[in-house]
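A short write-up of the structure that comes next.
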Amino acid sequence: MKKCIVFMLFILFSLSIFAAEDQAKVKLLYGIFCDDAAVTETLSSAIEKRLKEEDLREVMKKPLLTKVVVYASQDKDSKINSDGWAFAIASISNKKTLLLFETLMSDKEIETKLNENIKFVLAHMVMEQGLLKTLNVIHIHQLSAENIASVADEVVKDLVNQFK
């Protein structure tokens with residue numbers, strides 16, 4: 001039963017990768033968590049602008065394997081500067097897990113020697129969101145277009161670095 005589940009996951013994964021590779025336009029995954037809708041919209045627009053400047057269609061082969069999550073929080077309770085903002089940028093990827101899974105499952109000799117428990121664990125690891133690759137924190141003293149642009153640059157840089 002476990003072998004069947006692992007095989008089905010591998011097939012589904014392979015089909016999703018081929019379908020994603022055939023798309024002419026690739027969508028990068030990122031998310032912004034912020035209590036202020038205006039800041040979320042401004043940062044999202046700045047990120048989208050920078051993503052359009054980067055032509056990642058050539059380097060991206062597996063777009064569903066990587067994402068960047070941004071958490072933004074205003075320093076409301078700060079006695080020094082309540083206008084400051086902190087941005088945590090987390091890069092998450094399961095690319096290496098998928099590479100390991102593909103390598104082990106594509107070699108029939110290795111696959112037959114693998115313990116069922118290892119196959120089961122690998123299948124679950126593939127289904128996870130991924131592992132934390134990097135965590136960057138940016139603090140700005142005031143919310144301005146220039147500072148938002150700096151944060152957007154870092155988010156896009158993290159996305160681009162995932163595919164190099």
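By convention here, the chains of the structure tokens are called A, B, ... in the order presented, each chain's residues are numbered starting at 1, and ligands are numbered starting at 1 in the order presented.
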
key: Val69 in chain A environment, 12 Å, only C-alpha atoms, sequence neighbours closer than 3 positions dropped, as a ChimeraX atom specification   = /A:28-34,44,66,72,87-93,129,132-137,152,154-156,158-159

Which residues of range 111-153 of chain A sit at most 7 Å from range 98-106 of chain A, using only C-alpha atoms? Give each one's shortest atom pair and distance in Å (one decimal place), in chain and ascending residue order, as CSV.
```
residue,atom,partner,partner_atom,distance
A:Glu111,CA,A:Met105,CA,5.4
A:Leu122,CA,A:Phe101,CA,6.5
A:Val126,CA,A:Leu98,CA,5.9
```

Distance query Asp153 in chain A at most 10 Å, only C-alpha atoms, self and fewer than 2 positions along chain excluded, as a list in words = Ala46, Ile47, Lys49, Arg50, Leu51, Asn147, Ile148, Ala149, Ser150, Val151, Val155, Val156, Lys157, Asp158 and Leu159 of chain A
